[in-house]
Amino acid sequence: MKAGAAATLALLAGPSSSEPAGPVPQAPQVRCEIRVDADTWVKGQPGIVRIALSNSGEGDLELAVLTNLELSNAADEQKRPKQVSGRYWGPLDLTAKAREGVQPVTGDQARVTERKALQLKIPGRSKIEFSVDAAAMEWASLISPAWPHQKLFEVVPNGAYRLRASLSANGHSFESNAVSISIKK
């Protein structure tokens with residue numbers, strides 16, 4: 001089943017380092033939109049997440065971005081939104097291998113072994129798109145002390161979830177709205 005659901009978030013980013021010192025102009029707005037190709041993820045099949053970062057400002061925007069995908073149990077989220085059990089996360093590597101937006105990052109390419117901020121330059125009035133296979137990423141429980149090291153279907157039980165992108169850009173943390181998905185093994 002196709003899901004046209006999209007989540008958006010507004011990020012305010014500071015001026016790029018190439019701007020002269022002085023009064024800080026109003027920061028340009030960046031929108032992060034996520035969507036999934038299917039709202040049910042089945043073991044053995046990809047779970048494609050598409051991410052678009054858009055610069056609605058006139059000038060170029062330079063960002064250093066770290067991104068995670070986060071899943072939270074939909075029923076628990078409604079009852080206890082701050083609860084950490086039933087929540088999972090996977091570090092996302094938005095490197096050049098994911099930037100084509102057509103071919104999703106899969107297999108060993110989806111494994112994050114070293115955490116580095118992706119340096120992005122988004123021209124004014126344009127967007128950059130990424131595509132990743134969440135099923136190929138490594139995941140862990142949000143309360144686990146270990147770095148994510150298991151595949152999605154090894155960690156996350158069957159059920160209804162809310163998927164979010166969590167971003168850190170230029171020293172600020174942001175979280176997108178959620179997209180509903182189901183996990184079926």
# chains A, B, ... in the order shown; residues from 1 in each chain; ligands from 1
$ select_by_dssp --residues "segment 27-169 of chain A" --states "alpha helix (DSSP H)" --output "mmCIF file with N, CA, C and O atoms, in the first residue's frame"
data_model
loop_
_atom_site.group_PDB
_atom_site.id
_atom_site.type_symbol
_atom_site.label_atom_id
_atom_site.label_comp_id
_atom_site.auth_asym_id
_atom_site.auth_seq_id
_atom_site.Cartn_x
_atom_site.Cartn_y
_atom_site.Cartn_z
ATOM 1 N N ALA A 74 2.836 3.251 18.245
ATOM 2 C CA ALA A 74 1.740 4.206 18.081
ATOM 3 C C ALA A 74 0.795 4.219 19.284
ATOM 4 O O ALA A 74 0.361 5.282 19.721
ATOM 5 N N ALA A 75 0.486 3.044 19.840
ATOM 6 C CA ALA A 75 -0.429 2.990 20.986
ATOM 7 C C ALA A 75 0.212 3.618 22.216
ATOM 8 O O ALA A 75 -0.429 4.385 22.936
ATOM 9 N N ASP A 76 1.483 3.306 22.466
ATOM 10 C CA ASP A 76 2.180 3.881 23.620
ATOM 11 C C ASP A 76 2.325 5.391 23.481
ATOM 12 O O ASP A 76 2.229 6.121 24.455
ATOM 13 N N GLU A 77 2.559 5.845 22.254
ATOM 14 C CA GLU A 77 2.756 7.275 22.023
ATOM 15 C C GLU A 77 1.510 8.076 22.375
ATOM 16 O O GLU A 77 1.593 9.167 22.927
ATOM 17 N N GLN A 78 0.339 7.518 22.079
ATOM 18 C CA GLN A 78 -0.902 8.217 22.402
ATOM 19 C C GLN A 78 -1.144 8.258 23.903
ATOM 20 O O GLN A 78 -1.587 9.263 24.435
ATOM 21 N N LYS A 79 -0.845 7.152 24.597
ATOM 22 C CA LYS A 79 -1.089 7.077 26.038
ATOM 23 C C LYS A 79 -0.037 7.818 26.843
ATOM 24 O O LYS A 79 -0.348 8.537 27.773
ATOM 25 N N LEU A 152 16.451 -3.877 11.440
ATOM 26 C CA LEU A 152 15.136 -3.435 11.886
ATOM 27 C C LEU A 152 14.270 -4.577 12.401
ATOM 28 O O LEU A 152 13.726 -4.515 13.506
ATOM 29 N N PHE A 153 14.128 -5.656 11.615
ATOM 30 C CA PHE A 153 13.209 -6.728 11.972
ATOM 31 C C PHE A 153 13.746 -7.627 13.089
ATOM 32 O O PHE A 153 13.005 -8.433 13.629
ATOM 33 N N GLU A 154 15.012 -7.475 13.451
ATOM 34 C CA GLU A 154 15.570 -8.194 14.591
ATOM 35 C C GLU A 154 15.265 -7.472 15.898
ATOM 36 O O GLU A 154 15.278 -8.076 16.960
ATOM 37 N N VAL A 155 15.012 -6.183 15.830
ATOM 38 C CA VAL A 155 14.853 -5.353 17.030
ATOM 39 C C VAL A 155 13.407 -4.934 17.262
ATOM 40 O O VAL A 155 12.914 -4.976 18.393
#
$ closest_residue --among "A:Glu62, A:Val30, A:Leu167, A:Pro157" --to "Gln119 of chain A" --atoms "only C-alpha atoms"
A:Glu62
$ closest_residue --among "A:Glu58, A:Glu70, A:Asp37, A:Asp133" --to "Asn177 of chain A" --atoms "only C-alpha atoms"
A:Glu70
$ residues_around --residues "segment 160-166 of chain A" --least-positions-apart "6" --cutoff "7 Å" --atoms "only C-alpha atoms" --output "list in words"
Thr67, Asn68, Leu69, Glu70, Leu71, Ser72, Asn73, Ala74, Phe174, Glu175, Ser176, Asn177, Ala178, Val179, Ser180, Ile181, Ser182 and Ile183 of chain A
$ closest_residue --among "A:Ser131, A:His149, A:Leu66, A:Gly59" --to "Ile34 of chain A" --atoms "only C-alpha atoms"
A:Ser131
$ residues_around --residues "segment 46-51 of chain A" --least-positions-apart "5" --cutoff "7 Å" --atoms "only C-alpha atoms" --output "PyMOL selection string"
chain A and resi 32-37+41+104+129-135
$ write_last_selection --atoms "N, CA and C atoms" --output "PDB file, in the first residue's frame"
ATOM      1  N   CYS A  32      12.200  19.974   6.064  1.00  0.00           N
ATOM      2  CA  CYS A  32      12.548  18.566   5.913  1.00  0.00           C
ATOM      3  C   CYS A  32      11.258  17.798   5.779  1.00  0.00           C
ATOM      4  N   GLU A  33      11.119  17.092   4.680  1.00  0.00           N
ATOM      5  CA  GLU A  33       9.905  16.325   4.426  1.00  0.00           C
ATOM      6  C   GLU A  33      10.276  14.860   4.311  1.00  0.00           C
ATOM      7  N   ILE A  34       9.581  14.010   5.070  1.00  0.00           N
ATOM      8  CA  ILE A  34       9.804  12.569   4.917  1.00  0.00           C
ATOM      9  C   ILE A  34       8.521  11.925   4.425  1.00  0.00           C
ATOM     10  N   ARG A  35       8.701  10.873   3.653  1.00  0.00           N
ATOM     11  CA  ARG A  35       7.571  10.057   3.217  1.00  0.00           C
ATOM     12  C   ARG A  35       8.075   8.630   3.044  1.00  0.00           C
ATOM     13  N   VAL A  36       7.176   7.699   3.061  1.00  0.00           N
ATOM     14  CA  VAL A  36       7.531   6.296   2.880  1.00  0.00           C
ATOM     15  C   VAL A  36       6.852   5.780   1.623  1.00  0.00           C
ATOM     16  N   ASP A  37       7.506   4.823   0.959  1.00  0.00           N
ATOM     17  CA  ASP A  37       6.909   4.243  -0.243  1.00  0.00           C
ATOM     18  C   ASP A  37       5.737   3.328   0.095  1.00  0.00           C
ATOM     19  N   TRP A  41       5.733  -2.319   6.384  1.00  0.00           N
ATOM     20  CA  TRP A  41       7.064  -2.863   6.114  1.00  0.00           C
ATOM     21  C   TRP A  41       7.064  -4.332   6.504  1.00  0.00           C
ATOM     22  N   PRO A 104      17.725   3.713  -3.483  1.00  0.00           N
ATOM     23  CA  PRO A 104      17.873   3.772  -2.026  1.00  0.00           C
ATOM     24  C   PRO A 104      19.173   3.134  -1.563  1.00  0.00           C
ATOM     25  N   GLU A 129      17.392  15.709  -2.255  1.00  0.00           N
ATOM     26  CA  GLU A 129      16.614  14.529  -1.884  1.00  0.00           C
ATOM     27  C   GLU A 129      17.516  13.347  -1.578  1.00  0.00           C
ATOM     28  N   PHE A 130      17.052  12.528  -0.630  1.00  0.00           N
ATOM     29  CA  PHE A 130      17.751  11.326  -0.211  1.00  0.00           C
ATOM     30  C   PHE A 130      16.750  10.179  -0.175  1.00  0.00           C
ATOM     31  N   SER A 131      17.246   8.979  -0.312  1.00  0.00           N
ATOM     32  CA  SER A 131      16.397   7.808  -0.229  1.00  0.00           C
ATOM     33  C   SER A 131      17.173   6.717   0.494  1.00  0.00           C
ATOM     34  N   VAL A 132      16.575   6.114   1.521  1.00  0.00           N
ATOM     35  CA  VAL A 132      17.252   5.068   2.285  1.00  0.00           C
ATOM     36  C   VAL A 132      16.300   3.905   2.550  1.00  0.00           C
ATOM     37  N   ASP A 133      16.874   2.745   2.751  1.00  0.00           N
ATOM     38  CA  ASP A 133      16.125   1.547   3.106  1.00  0.00           C
ATOM     39  C   ASP A 133      16.240   1.354   4.611  1.00  0.00           C
ATOM     40  N   ALA A 134      15.189   1.692   5.346  1.00  0.00           N
ATOM     41  CA  ALA A 134      15.212   1.585   6.808  1.00  0.00           C
ATOM     42  C   ALA A 134      15.389   0.143   7.265  1.00  0.00           C
ATOM     43  N   ALA A 135      14.953  -0.818   6.460  1.00  0.00           N
ATOM     44  CA  ALA A 135      15.098  -2.233   6.823  1.00  0.00           C
ATOM     45  C   ALA A 135      16.564  -2.663   6.801  1.00  0.00           C
TER      46      ALA A 135
END
$ residues_around --residues "Ala169 of chain A" --least-positions-apart "6" --cutoff "7 Å" --atoms "only C-alpha atoms" --output "PyMOL selection string"
chain A and resi 63-66
$ write_last_selection --atoms "C-alpha atoms" --output "short mmCIF file (atom, residue, chain, number, x, y, z; two decimals), in the first residue's frame"
data_model
loop_
_atom_site.label_atom_id
_atom_site.label_comp_id
_atom_site.auth_asym_id
_atom_site.auth_seq_id
_atom_site.Cartn_x
_atom_site.Cartn_y
_atom_site.Cartn_z
CA LEU A 63 24.47 22.95 7.05
CA ALA A 64 26.33 20.27 9.00
CA VAL A 65 23.63 17.61 9.48
CA LEU A 66 23.37 14.47 11.63
#
$ residues_around --residues "Ser85 of chain A" --least-positions-apart "4" --cutoff "8 Å" --atoms "only C-alpha atoms" --output "ChimeraX atom specification"
/A:141-143
$ atom_distance --atom1 "atom CA of Lys184 of chain A" --atom2 "atom CA of Pro148 of chain A"
20.3 Å
$ atom_distance --atom1 "atom CA of Leu118 of chain A" --atom2 "atom CA of Asn170 of chain A"
10.7 Å
$ atom_distance --atom1 "atom CA of Arg125 of chain A" --atom2 "atom CA of Asp93 of chain A"
24.2 Å
$ residues_around --residues "Asn55 of chain A" --least-positions-apart "2" --cutoff "9 Å" --atoms "only C-alpha atoms" --output "list in words"
Pro28, Gln29, Val30, Arg31, Leu53, Gly57, Glu58, Gly59, Asp60, Leu61, Ile122, Pro123, Gly124, Arg125, Ser126, Lys127 and Ile128 of chain A
